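This is start-v5.txt. It holds compact mmCIF, C-alpha atoms.
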# COMPACT_ATOMS: atom_id res chain seq x y z
CA MET Z 1149 31.78 34.08 -25.92
CA ALA Z 1150 28.87 35.19 -23.79
CA LEU Z 1151 30.84 37.21 -21.28
CA ARG Z 1152 32.74 40.37 -22.12
CA GLU Z 1153 34.55 42.85 -19.91
CA VAL Z 1154 33.01 46.33 -20.26
CA ASN Z 1155 35.55 47.92 -17.98
CA ALA Z 1156 37.73 46.71 -15.14
CA LYS Z 1157 34.82 46.19 -12.78
CA MET Z 1158 31.88 45.25 -14.98
CA VAL Z 1159 31.04 42.45 -17.37
CA GLU Z 1160 28.43 42.28 -20.08
CA ALA Z 1161 26.71 39.00 -20.75
CA THR Z 1162 24.73 38.16 -23.84
CA VAL Z 1163 21.80 35.90 -23.12
CA VAL Z 1164 20.14 33.96 -25.91
CA PRO Z 1165 17.15 31.66 -25.58
CA GLY Z 1166 18.06 28.14 -24.66
CA GLN Z 1167 21.35 29.09 -23.08
CA ARG Z 1168 21.36 29.80 -19.44
CA LEU Z 1169 23.80 31.67 -17.32
CA TYR Z 1170 24.49 31.48 -13.63
CA SER Z 1171 25.46 34.51 -11.59
CA GLN Z 1172 25.91 35.50 -8.00
CA ARG Z 1173 22.59 36.58 -6.57
CA GLY Z 1174 22.16 40.34 -6.58
CA ALA Z 1175 25.07 40.98 -8.89
CA MET Z 1176 22.95 42.23 -11.79
CA LEU Z 1177 23.48 45.93 -12.42
CA ALA Z 1178 21.36 46.52 -15.51
CA TYR Z 1179 19.84 44.61 -18.38
CA LYS Z 1180 18.39 45.12 -21.84
CA GLY Z 1181 15.77 42.93 -23.45
CA GLU Z 1182 13.63 40.20 -21.96
CA VAL Z 1183 15.63 38.55 -19.23
CA SER Z 1184 14.38 36.69 -16.21
CA PHE Z 1185 16.25 36.04 -13.00
CA THR Z 1186 15.32 33.08 -10.90
CA PRO Z 1187 16.94 32.40 -7.56
CA ASN Z 1188 18.60 29.07 -7.60
CA ILE Z 1189 18.04 27.32 -4.33
CA GLN Z 1190 20.32 24.52 -5.30
CA GLY Z 1191 23.14 27.01 -5.64
CA GLY Z 1192 24.13 25.82 -9.07
CA GLN Z 1193 23.86 22.81 -11.27
CA GLY Z 1194 23.16 19.21 -10.57
CA GLY Z 1195 20.42 17.62 -8.58
CA LEU Z 1196 19.63 17.36 -4.95
CA MET Z 1197 22.83 15.53 -4.15
CA SER Z 1198 25.00 18.25 -5.67
CA MET Z 1199 23.14 20.79 -3.62
CA LEU Z 1200 23.67 18.82 -0.44
CA GLY Z 1201 27.28 18.38 -1.36
CA ARG Z 1202 27.78 22.11 -1.69
CA ARG Z 1203 25.95 22.82 1.55
CA VAL Z 1204 28.08 20.36 3.44
CA ALA Z 1205 31.23 21.68 1.82
CA GLY Z 1206 30.41 25.28 2.63
CA GLU Z 1207 30.76 26.14 -1.03
CA ALA Z 1208 27.12 27.14 -1.43
CA THR Z 1209 26.90 30.74 -2.58
CA PRO Z 1210 23.52 32.12 -3.48
CA LEU Z 1211 23.30 31.89 -7.24
CA MET Z 1212 20.60 32.87 -9.67
CA THR Z 1213 19.75 31.57 -13.11
CA VAL Z 1214 19.61 34.11 -15.90
CA GLU Z 1215 17.50 33.22 -18.93
CA GLY Z 1216 15.82 34.95 -21.83
CA SER Z 1217 17.23 37.10 -24.58
CA GLY Z 1218 19.13 40.34 -24.16
CA THR Z 1219 22.23 41.65 -22.46
CA VAL Z 1220 22.91 41.78 -18.76
CA PHE Z 1221 25.55 43.76 -16.88
CA PHE Z 1222 27.14 42.28 -13.79
CA GLY Z 1223 29.35 43.75 -11.12
CA HIS Z 1224 29.71 43.39 -7.40
CA GLY Z 1225 31.13 45.45 -4.56
CA GLY Z 1226 33.43 47.45 -6.82
CA HIS Z 1227 35.71 44.46 -7.17
CA HIS Z 1228 37.81 43.97 -10.24
CA VAL Z 1229 36.47 41.37 -12.63
CA GLN Z 1230 38.38 39.04 -14.87
CA VAL Z 1231 36.86 36.90 -17.59
CA ILE Z 1232 38.49 33.52 -18.02
CA THR Z 1233 37.63 31.38 -21.02
CA LEU Z 1234 37.83 27.66 -20.57
CA THR Z 1235 38.41 25.28 -23.42
CA GLY Z 1236 37.80 21.88 -21.97
CA ASP Z 1237 39.96 22.22 -18.89
CA THR Z 1238 39.03 22.73 -15.26
CA LEU Z 1239 39.08 25.98 -13.32
CA TYR Z 1240 39.58 25.85 -9.57
CA VAL Z 1241 38.12 28.86 -7.81
CA GLU Z 1242 36.50 29.79 -4.53
CA ALA Z 1243 32.71 29.93 -4.75
CA ASP Z 1244 32.46 33.45 -3.32
CA ARG Z 1245 34.77 34.78 -6.04
CA LEU Z 1246 32.41 33.63 -8.80
CA LEU Z 1247 30.51 36.49 -10.37
CA ALA Z 1248 28.95 34.75 -13.35
CA PHE Z 1249 29.54 31.71 -15.53
CA GLU Z 1250 27.99 30.09 -18.52
CA GLY Z 1251 25.59 27.22 -18.13
CA THR Z 1252 27.65 25.11 -20.48
CA LEU Z 1253 30.22 24.66 -17.74
CA GLN Z 1254 30.03 21.78 -15.34
CA GLN Z 1255 30.10 22.88 -11.75
CA GLY Z 1256 31.53 20.68 -9.07
CA THR Z 1257 33.06 20.64 -5.63
CA MET Z 1258 36.48 19.33 -4.88
CA PHE Z 1259 37.80 18.12 -1.58
CA MET Z 1260 41.17 19.63 -0.83
CA GLY Z 1261 42.33 16.38 0.70
CA SER Z 1262 41.98 14.67 -2.65
CA GLN Z 1263 44.92 16.70 -3.92
CA GLY Z 1264 47.76 16.13 -1.60
CA GLY Z 1265 46.00 14.30 1.22
CA VAL Z 1266 46.44 15.71 4.69
CA MET Z 1267 48.73 18.45 3.42
CA GLY Z 1268 45.98 19.51 1.04
CA MET Z 1269 43.62 19.91 3.96
CA VAL Z 1270 46.18 21.93 5.86
CA ARG Z 1271 46.63 24.07 2.78
CA GLY Z 1272 42.90 24.78 2.63
CA GLN Z 1273 42.95 25.90 6.23
CA VAL Z 1274 46.03 28.07 5.90
CA THR Z 1275 44.82 29.79 2.77
CA GLY Z 1276 41.40 30.36 4.28
CA GLN Z 1277 39.79 28.43 1.46
CA GLY Z 1278 38.35 25.81 3.71
CA LEU Z 1279 38.38 22.15 2.96
CA PHE Z 1280 36.58 22.45 -0.34
CA THR Z 1281 36.84 24.45 -3.49
CA THR Z 1282 34.62 24.86 -6.53
CA THR Z 1283 35.54 23.51 -9.92
CA LEU Z 1284 34.18 24.51 -13.30
CA LYS Z 1285 34.80 22.27 -16.25
CA GLY Z 1286 34.07 22.38 -19.95
CA HIS Z 1287 33.83 25.04 -22.63
CA GLY Z 1288 32.68 28.53 -21.72
CA ALA Z 1289 33.48 31.75 -19.95
CA VAL Z 1290 33.69 32.55 -16.26
CA ALA Z 1291 33.84 35.95 -14.58
CA VAL Z 1292 35.79 35.93 -11.32
CA MET Z 1293 36.21 38.76 -8.85
CA ALA Z 1294 39.39 39.91 -7.21
CA HIS Z 1295 40.53 42.80 -5.10
CA GLY Z 1296 42.63 45.18 -7.15
CA GLY Z 1297 42.92 43.52 -10.51
CA VAL Z 1298 44.26 40.17 -11.61
CA PHE Z 1299 47.34 39.21 -13.50
CA GLU Z 1300 48.05 35.81 -14.91
CA ILE Z 1301 51.22 33.81 -14.63
CA PRO Z 1302 51.76 30.83 -16.89
CA VAL Z 1303 52.89 27.66 -15.17
CA THR Z 1304 55.13 25.36 -17.20
CA PRO Z 1305 56.91 22.18 -16.15
CA GLN Z 1306 60.24 24.02 -16.13
CA ARG Z 1307 58.82 26.99 -14.30
CA PRO Z 1308 56.87 26.27 -11.15
CA VAL Z 1309 55.27 29.34 -9.62
CA HIS Z 1310 54.93 30.21 -5.95
CA VAL Z 1311 51.98 32.33 -4.88
CA ASP Z 1312 51.07 34.03 -1.63
CA PRO Z 1313 47.97 32.13 -0.44
CA GLN Z 1314 46.14 35.38 0.30
CA ALA Z 1315 46.76 36.73 -3.19
CA TYR Z 1316 45.81 33.50 -4.99
CA VAL Z 1317 42.59 33.80 -6.99
CA ALA Z 1318 42.15 30.80 -9.25
CA HIS Z 1319 43.99 28.42 -11.51
CA HIS Z 1320 43.24 26.22 -14.46
CA GLY Z 1321 44.93 23.55 -16.45
CA ASP Z 1322 46.84 20.50 -15.37
CA VAL Z 1323 48.35 22.07 -12.30
CA ARG Z 1324 49.31 20.39 -9.08
CA ASN Z 1325 49.48 22.57 -6.05
CA LYS Z 1326 51.02 22.05 -2.72
CA LEU Z 1327 51.68 24.16 0.29
CA SER Z 1328 55.30 24.89 0.78
CA SER Z 1329 56.40 26.41 4.01
CA ALA Z 1330 59.56 28.35 4.62
CA LEU Z 1331 59.30 28.14 8.36
CA GLY Z 1332 62.57 28.69 10.09
CA TRP Z 1333 63.81 29.80 13.44
CA ARG Z 1334 63.05 33.38 12.44
CA GLU Z 1335 59.32 32.73 12.33
CA MET Z 1336 59.50 31.06 15.73
CA VAL Z 1337 60.92 34.16 17.34
CA GLY Z 1338 58.47 36.48 15.62
CA ARG Z 1339 60.98 37.76 13.12
CA GLY Z 1340 59.30 36.32 10.07
CA SER Z 1341 59.31 37.97 6.68
CA GLY Z 1342 55.56 37.52 6.38
CA GLU Z 1343 56.07 34.97 3.64
CA ALA Z 1344 56.06 31.79 5.65
CA PHE Z 1345 53.56 29.90 3.54
CA GLN Z 1346 53.42 29.74 -0.20
CA LEU Z 1347 51.35 27.81 -2.67
CA GLU Z 1348 53.60 25.99 -5.05
CA LEU Z 1349 51.97 25.40 -8.42
CA SER Z 1350 53.63 23.10 -10.87
CA GLY Z 1351 52.58 21.44 -14.09
CA ASN Z 1352 51.02 23.06 -17.11
CA GLY Z 1353 48.44 25.81 -16.90
CA MET Z 1354 47.71 29.28 -15.70
CA VAL Z 1355 47.42 30.84 -12.27
CA TYR Z 1356 45.55 34.07 -11.51
CA VAL Z 1357 46.93 36.34 -8.81
CA GLN Z 1358 45.39 39.52 -7.41
CA ALA Z 1359 47.29 42.69 -6.55
CA SER Z 1360 46.35 42.55 -2.92
CA GLU Z 1361 46.55 40.33 0.12
CA GLU Z 1362 42.96 40.99 1.07
CA LYS Z 1363 40.20 38.47 0.78
CA LEU Z 1364 36.90 39.49 -0.73
CA MET R 491 65.21 45.26 -12.71
CA PHE R 492 61.90 46.86 -11.71
CA ARG R 493 58.96 46.67 -14.10
CA LEU R 494 55.31 47.54 -13.66
CA GLN R 495 52.74 44.95 -14.60
CA GLY R 496 49.55 46.92 -14.89
CA SER R 497 49.49 49.76 -12.40
CA LYS R 498 49.19 47.78 -9.20
CA VAL R 499 51.76 45.04 -9.52
CA LEU R 500 55.51 45.38 -9.46
CA ALA R 501 57.53 42.67 -11.19
CA VAL R 502 61.19 42.39 -10.31
CA GLU R 503 63.55 40.26 -12.37
CA MET R 504 66.41 39.01 -10.28
CA THR R 505 69.58 37.21 -11.16
CA GLY R 506 71.13 36.51 -7.83
CA ASP R 507 70.83 40.10 -6.61
CA ALA R 508 68.61 41.33 -3.83
CA VAL R 509 65.83 43.85 -3.25
CA LYS R 510 64.36 45.26 -0.09
CA ALA R 511 60.57 45.20 0.06
CA LYS R 512 57.80 45.80 2.51
CA ASN R 513 57.19 42.77 4.69
CA GLY R 514 54.61 40.39 3.30
CA SER R 515 54.11 42.24 0.01
CA MET R 516 55.14 39.35 -2.24
CA VAL R 517 52.18 37.95 -4.14
CA ALA R 518 53.91 35.43 -6.38
CA TYR R 519 57.29 34.34 -7.66
CA ASP R 520 58.90 31.83 -9.93
CA GLY R 521 62.37 30.44 -9.73
CA GLN R 522 64.20 30.34 -6.44
CA MET R 523 63.67 33.03 -3.84
CA ALA R 524 64.62 33.46 -0.22
CA PHE R 525 62.85 35.88 2.10
CA LYS R 526 64.53 37.29 5.15
CA LYS R 527 63.23 39.91 7.49
CA LEU R 528 65.55 42.82 8.04
CA SER R 529 65.11 44.23 11.50
CA GLY R 530 65.18 47.99 11.63
CA GLY R 531 64.92 48.36 7.87
CA GLY R 532 68.34 46.91 7.24
CA GLU R 533 70.09 49.95 8.59
CA GLY R 534 71.92 48.27 11.38
CA LEU R 535 71.44 48.73 15.07
CA ARG R 536 71.56 52.49 14.94
CA GLY R 537 68.94 52.64 12.22
CA MET R 538 66.76 50.29 14.17
CA VAL R 539 66.85 52.44 17.28
CA THR R 540 66.28 55.61 15.25
CA ARG R 541 63.26 54.11 13.58
CA ARG R 542 61.79 53.00 16.87
CA LEU R 543 62.26 56.42 18.37
CA THR R 544 60.93 58.34 15.39
CA GLY R 545 57.91 56.15 14.77
CA GLU R 546 59.07 55.59 11.19
CA GLN R 547 59.14 51.88 11.73
CA MET R 548 59.00 49.80 8.66
CA THR R 549 59.17 46.10 8.44
CA VAL R 550 61.32 45.27 5.51
CA MET R 551 62.35 41.97 4.08
CA GLU R 552 65.22 41.14 1.84
CA VAL R 553 64.34 39.10 -1.20
CA LYS R 554 67.16 37.34 -2.92
CA GLY R 555 67.26 34.81 -5.69
CA HIS R 556 66.88 33.97 -9.35
CA GLY R 557 63.66 34.53 -11.24
CA THR R 558 60.75 36.93 -11.22
CA CYS R 559 59.10 38.15 -8.06
CA TRP R 560 55.80 40.03 -8.05
CA PHE R 561 54.93 42.51 -5.32
CA ALA R 562 51.65 44.26 -4.53
CA ASP R 563 50.08 45.75 -1.46
CA ARG R 564 46.35 46.20 -0.85
CA ALA R 565 45.74 47.13 -4.47
CA SER R 566 47.65 50.40 -4.17
CA GLU R 567 48.89 52.09 -7.30
CA ILE R 568 52.64 51.76 -7.76
CA ASN R 569 55.04 54.37 -9.12
CA LEU R 570 58.62 53.72 -10.13
CA VAL R 571 61.25 56.24 -9.14
CA GLY R 572 64.72 56.21 -10.65
CA LEU R 573 67.44 57.59 -8.44
CA ARG R 574 70.76 58.78 -9.79
CA GLY R 575 72.59 59.88 -6.73
CA ASP R 576 69.81 62.09 -5.46
CA LYS R 577 67.62 61.64 -2.45
CA LEU R 578 63.99 60.57 -2.28
CA TYR R 579 61.86 61.57 0.69
CA VAL R 580 58.91 59.28 1.22
CA GLU R 581 56.70 58.12 4.04
CA SER R 582 57.69 54.67 5.25
CA SER R 583 54.11 53.47 4.76
CA ASN R 584 54.27 54.49 1.08
CA LEU R 585 57.53 52.72 0.31
CA LEU R 586 57.05 49.33 -1.35
CA ALA R 587 60.46 48.23 -2.59
CA THR R 588 63.98 49.49 -3.22
CA ASP R 589 67.07 48.14 -4.89
CA ALA R 590 69.36 46.62 -2.30
CA GLY R 591 72.02 49.12 -3.33
CA LEU R 592 70.00 52.07 -2.10
CA ARG R 593 70.52 53.40 1.40
CA THR R 594 67.51 54.18 3.52
CA GLY R 595 67.40 56.41 6.53
CA THR R 596 65.20 58.71 8.55
CA THR R 597 65.03 62.46 8.60
CA PHE R 598 63.27 65.17 10.56
CA THR R 599 60.50 66.95 8.68
CA GLY R 600 59.40 69.53 11.19
CA LEU R 601 55.95 70.99 11.18
CA ARG R 602 55.11 69.58 7.79
CA GLY R 603 55.12 66.06 9.13
CA ALA R 604 52.72 66.92 11.88
CA SER R 605 50.29 68.49 9.43
CA GLN R 606 50.37 65.41 7.21
CA GLY R 607 49.29 63.18 9.99
CA ASN R 608 52.42 61.16 9.47
CA GLY R 609 54.52 62.19 12.40
CA LEU R 610 57.56 64.34 12.53
CA PHE R 611 59.90 62.10 10.63
CA THR R 612 60.09 60.69 7.16
CA THR R 613 62.11 58.08 5.33
CA THR R 614 64.87 58.93 2.88
CA VAL R 615 66.18 56.76 0.10
CA GLU R 616 69.42 57.64 -1.61
CA GLY R 617 71.95 56.21 -4.03
CA HIS R 618 71.74 54.82 -7.52
CA GLY R 619 68.89 52.51 -8.41
CA GLN R 620 65.17 52.16 -8.49
CA ALA R 621 62.51 52.45 -5.84
CA ALA R 622 58.78 51.73 -5.96
CA ILE R 623 56.39 53.92 -4.03
CA MET R 624 52.71 53.39 -3.43
CA SER R 625 49.84 55.82 -3.69
CA ASP R 626 46.11 55.73 -3.21
CA GLY R 627 45.06 56.24 -6.82
CA PRO R 628 47.47 56.99 -9.68
CA ALA R 629 49.98 59.62 -8.60
CA VAL R 630 50.94 62.68 -10.60
CA VAL R 631 54.54 63.84 -10.75
CA LEU R 632 54.83 67.63 -10.57
CA ARG R 633 58.04 69.40 -11.47
CA VAL R 634 59.20 72.25 -9.32
CA SER R 635 61.65 74.77 -10.76
CA PRO R 636 63.01 78.02 -9.29
CA GLN R 637 60.45 80.06 -11.25
CA TYR R 638 57.58 77.78 -10.41
CA PRO R 639 57.21 76.88 -6.78
CA LEU R 640 54.52 74.36 -5.90
CA THR R 641 52.02 74.21 -3.08
CA VAL R 642 50.59 70.85 -2.07
CA ASP R 643 47.89 69.64 0.27
CA PRO R 644 49.66 67.77 3.09
CA GLY R 645 47.20 64.89 2.88
CA ALA R 646 47.83 64.33 -0.82
CA TYR R 647 51.62 64.57 -0.68
CA ILE R 648 53.41 61.22 -0.92
CA ALA R 649 57.04 61.83 -1.83
CA HIS R 650 59.53 64.25 -3.31
CA GLN R 651 63.03 64.17 -4.72
CA GLY R 652 65.66 66.66 -5.78
CA SER R 653 66.94 69.74 -4.03
CA LEU R 654 63.80 71.23 -2.66
CA ARG R 655 63.20 73.52 0.25
CA GLN R 656 59.90 73.08 1.89
CA SER R 657 58.00 75.53 3.96
CA PHE R 658 54.78 75.33 5.77
CA GLN R 659 51.95 77.64 4.83
CA SER R 660 48.81 78.28 6.70
CA GLY R 661 45.70 79.83 5.34
CA VAL R 662 44.08 80.16 8.71
CA THR R 663 41.95 83.27 8.98
CA PHE R 664 39.31 84.39 11.41
CA ARG R 665 36.82 82.47 9.29
CA THR R 666 38.51 79.21 10.19
CA PHE R 667 37.76 79.81 13.85
CA PHE R 668 34.07 80.18 13.10
CA GLY R 669 34.06 76.83 11.34
CA GLU R 670 33.82 78.48 7.95
CA GLY R 671 37.20 77.36 6.69
CA GLY R 672 37.58 75.98 3.21
CA GLY R 673 39.14 72.74 4.41
CA GLU R 674 42.51 73.88 3.09
CA ALA R 675 43.97 75.47 6.17
CA PHE R 676 47.52 74.20 5.73
CA GLN R 677 49.71 73.63 2.73
CA ILE R 678 53.29 72.67 2.03
CA ARG R 679 55.20 74.92 -0.32
CA PHE R 680 58.09 73.50 -2.32
CA GLU R 681 60.77 75.73 -3.78
CA GLY R 682 63.90 74.85 -5.69
CA ASP R 683 64.43 72.18 -8.30
CA GLY R 684 62.91 68.74 -8.14
CA LEU R 685 59.88 66.50 -8.40
CA VAL R 686 56.89 66.12 -6.09
CA TYR R 687 54.58 63.08 -6.15
CA VAL R 688 50.95 63.81 -5.36
CA GLN R 689 48.13 61.28 -5.00
CA PRO R 690 44.52 61.92 -6.02
CA SER R 691 43.31 61.22 -2.51
CA GLU R 692 43.77 62.82 0.88
CA ARG R 693 44.78 61.22 4.11
CA ASN R 694 42.99 62.38 7.21
CA THR R 695 44.92 65.32 8.50
CA ILE R 696 44.27 68.11 10.91
CA ALA R 697 44.40 70.45 7.96
CA GLY R 698 41.52 68.74 6.24
CA ASP R 699 39.23 69.22 9.21
CA VAL R 700 39.51 72.97 9.52

Written form, structure tokens:
Amino acid sequence: MALREVNAKMVEATVVPGQRLYSQRGAMLAYKGEVSFTPNIQGGQGGLMSMLGRRVAGEATPLMTVEGSGTVFFGHGGHHVQVITLTGDTLYVEADRLLAFEGTLQQGTMFMGSQGGVMGMVRGQVTGQGLFTTTLKGHGAVAVMAHGGVFEIPVTPQRPVHVDPQAYVAHHGDVRNKLSSALGWREMVGRGSGEAFQLELSGNGMVYVQASEEKL
Amino acid sequence: MFRLQGSKVLAVEMTGDAVKAKNGSMVAYDGQMAFKKLSGGGEGLRGMVTRRLTGEQMTVMEVKGHGTCWFADRASEINLVGLRGDKLYVESSNLLATDAGLRTGTTFTGLRGASQGNGLFTTTVEGHGQAAIMSDGPAVVLRVSPQYPLTVDPGAYIAHQGSLRQSFQSGVTFRTFFGEGGGEAFQIRFEGDGLVYVQPSERNTIAGDV
């Protein structure tokens, strides 16, 4: 476990030789020991094609590679930080919410349309996530940022969970998501309850929700 | 049943009953829920007109269903208030959710309201049940008893309950006019028996500027 929450807004990462760590550029607060930070033009793992893929998808956040031996503290913009540990499953998260993640994780980009076709694309637009989202797969820890703290809700086959798209942070596990709309005549006449669109998550996994409807 | 999950998220377990909540404050739910906007805060036509006139407009929705519903608003801290027949006075912008059984209304606050930068009217909640109020930073609950009156900065006041008389105090002296005031020109004084909720942050008020 290379990432550890120091307090609600800061994480401590232990860096050992031979294991690299990726973090958002400029998110380092302090470090101890011999640690080097190299800007990562590719914006993450993979070769040239992955980089192009991320550029095209708009999921390219400036990342840096952290190597050496010591401990590094990360934090950004006073946002709350949550460490999520993955054990072989895939985490779906927006690239700009990523604070730091271990190099053992496989980074990828997913097209929204591949999960739910046209409706998936609509969902991306409505939630402001765009047409693509970042995936992290494998074994390791990820630190994600959220406005005002995160709480987790387990998703089980008997218990699908509905989330406000603006408050959605990330999810992992075998979870299908679709956009459900509760549009009625009330919305048409401007008398909506402000909850017209919801993300419906069903399957088996965990969803992370922030205590705010504000984006980062 | 209201329950706090952390300090910024309110979880409400529902079994077919309803709660009134600020419009758009739902962040997640499981089970079956229906959301319906209540025009005029669910107080009927008269309430709607009163709210329009007094500037205490609040957009409220009724949430009804089976399951758990989570509410949060802009990462504000949430405080639970239990009401047993008494009356809670709170600013409409600080009210997050109430049991459907509670009645809400508007009341005149006089000069205090003007000094708080909130207008002349405030919202009242009365009946038996629970309400959730929001504050900027964790709120402290201060008890007021006949022997111990309490004086509060208008910008830090968020709500009060019980049988309290409030009066307006001004600490304006000649120094204030020379721009040498301490920034605490006005205060609200509570006397009687009850509770006052104070937040560790101050809204922009006229009182804070002089």

Counting all atoms listed in the file, collect the residues of chain Z whose closest atom lies at most 8 Å from chain R, and write them out as a list in words.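 Per the criterion, chain Z yields His1295, Gly1296, Gly1297, Phe1299, Arg1307, Pro1308, Val1309, His1310, Val1311, Asp1312, Gln1314, Ala1315, Tyr1316, Arg1339, Gly1340, Ser1341, Gly1342, Glu1343, Val1357, Gln1358, Ala1359, Ser1360, Glu1361 and Glu1362 of chain Z.
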
Give me, please, the distance in Å between CA of Gly1236 in chain Z and CA of Arg1324 in chain Z, quoted to one decimal.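 Computing it gives 17.3 Å between the two atoms.
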
Which residue, Z:Gly1216, Z:Met1293, Z:Met1176, Z:His1224, has the smallest gap to Arg1245 in chain Z when you use all atoms listed in the file?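 Of all the options, Z:Met1293 lies closest to Arg1245 in chain Z.
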
Starting from the point (21.0, 34.2, -7.7), work out which residues of protein, DNA or RNA have an atom no more than 9 Å away when counting all atoms listed in the file; state them as a list in words.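 The answer, in the requested form, is Tyr1170, Ser1171, Gln1172, Arg1173, Gly1174, Ala1175, Phe1185, Thr1186, Pro1187, Asn1188, Ile1189, Gly1191, Thr1209, Pro1210, Leu1211, Met1212, Thr1213 and Val1214 of chain Z.
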
Enter the distance from CA of Gly652 in chain R to CA of Asp507 in chain R, in Å, rounded to one decimal.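 According to the coordinates, CA of Gly652 in chain R and CA of Asp507 in chain R are separated by 27.1 Å.
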
Enclosing box along x, y and z for every listed atom of range 1285-1290 of chain Z, padded 8 Å each side, centre and size in Å, one decimal, as AutoDock Vina command-line options:
--center_x 33.7 --center_y 27.4 --center_z -19.4 --size_x 18.1 --size_y 26.3 --size_z 22.4

What's around range 1317-1320 of chain Z at 10 Å? Count all atoms listed in the file, leave out sequence neighbours fewer than 3 positions away in its own chain, and write the answer as a PyMOL selection string. chain Z and resi 1232+1234+1237-1242+1245+1282-1285+1292-1295+1298-1303+1311+1313-1314+1323-1325+1349+1352-1358+1363

Best match for closeness to Ala1291 in chain Z among Z:Thr1233, Z:Thr1162, Z:Ser1184, Z:Ser1350, counting all atoms listed in the file: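 Checking each candidate against Ala1291 in chain Z, we get Z:Thr1233 as the closest.
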
What lies within 10 Å of Ser653 in chain R using only C-alpha atoms, ignoring chain neighbours under 6 positions off, as a PyMOL selection string? chain R and resi 576-578+634-635+680-685

File dump, residues just selected, C-alpha atoms, as a PDB file, in the frame of the given file:
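Saved the output as selection.pdb:
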ATOM      1  CA  ASP R 576      69.810  62.090  -5.460  1.00  0.00           C
ATOM      2  CA  LYS R 577      67.620  61.640  -2.450  1.00  0.00           C
ATOM      3  CA  LEU R 578      63.990  60.570  -2.280  1.00  0.00           C
ATOM      4  CA  VAL R 634      59.200  72.250  -9.320  1.00  0.00           C
ATOM      5  CA  SER R 635      61.650  74.770 -10.760  1.00  0.00           C
ATOM      6  CA  PHE R 680      58.090  73.500  -2.320  1.00  0.00           C
ATOM      7  CA  GLU R 681      60.770  75.730  -3.780  1.00  0.00           C
ATOM      8  CA  GLY R 682      63.900  74.850  -5.690  1.00  0.00           C
ATOM      9  CA  ASP R 683      64.430  72.180  -8.300  1.00  0.00           C
ATOM     10  CA  GLY R 684      62.910  68.740  -8.140  1.00  0.00           C
ATOM     11  CA  LEU R 685      59.880  66.500  -8.400  1.00  0.00           C
TER      12      LEU R 685
END

Rank Z:Lys1180, Z:Leu1364, Z:Ala1156, Z:Gly1256 by their smallest atom-to-atom distance to Gly1225 in chain Z, using only C-alpha atoms, and report the top residue only.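 Counting only C-alpha atoms, the residue closest to Gly1225 in chain Z is Z:Leu1364.
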
Would you compute the distance between CA of Thr505 in chain R and CA of His618 in chain R? Give it in Å to one decimal.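 Taking CA of Thr505 in chain R and CA of His618 in chain R, their separation equals 18.1 Å.
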
Neighbours of Gly1181 in chain Z within 12 Å (only C-alpha atoms; same-chain residues fewer than 6 positions away dropped), as a ChimeraX atom specification? /Z:1161-1165,1215-1221

Determine, counting all atoms listed in the file, which protein, DNA and RNA residues have an atom within 7 Å of an atom of Leu592 in chain R; residues of the same chain fewer than 2 positions away are not included. Present the result as a PyMOL selection string. chain R and resi 588-590+594+615-619

Just the selected residues (C-alpha atoms), exported as a PDB file, keeping the file's coordinate frame, please.
ATOM      1  CA  THR R 588      63.980  49.490  -3.220  1.00  0.00           C
ATOM      2  CA  ASP R 589      67.070  48.140  -4.890  1.00  0.00           C
ATOM      3  CA  ALA R 590      69.360  46.620  -2.300  1.00  0.00           C
ATOM      4  CA  THR R 594      67.510  54.180   3.520  1.00  0.00           C
ATOM      5  CA  VAL R 615      66.180  56.760   0.100  1.00  0.00           C
ATOM      6  CA  GLU R 616      69.420  57.640  -1.610  1.00  0.00           C
ATOM      7  CA  GLY R 617      71.950  56.210  -4.030  1.00  0.00           C
ATOM      8  CA  HIS R 618      71.740  54.820  -7.520  1.00  0.00           C
ATOM      9  CA  GLY R 619      68.890  52.510  -8.410  1.00  0.00           C
TER      10      GLY R 619
END
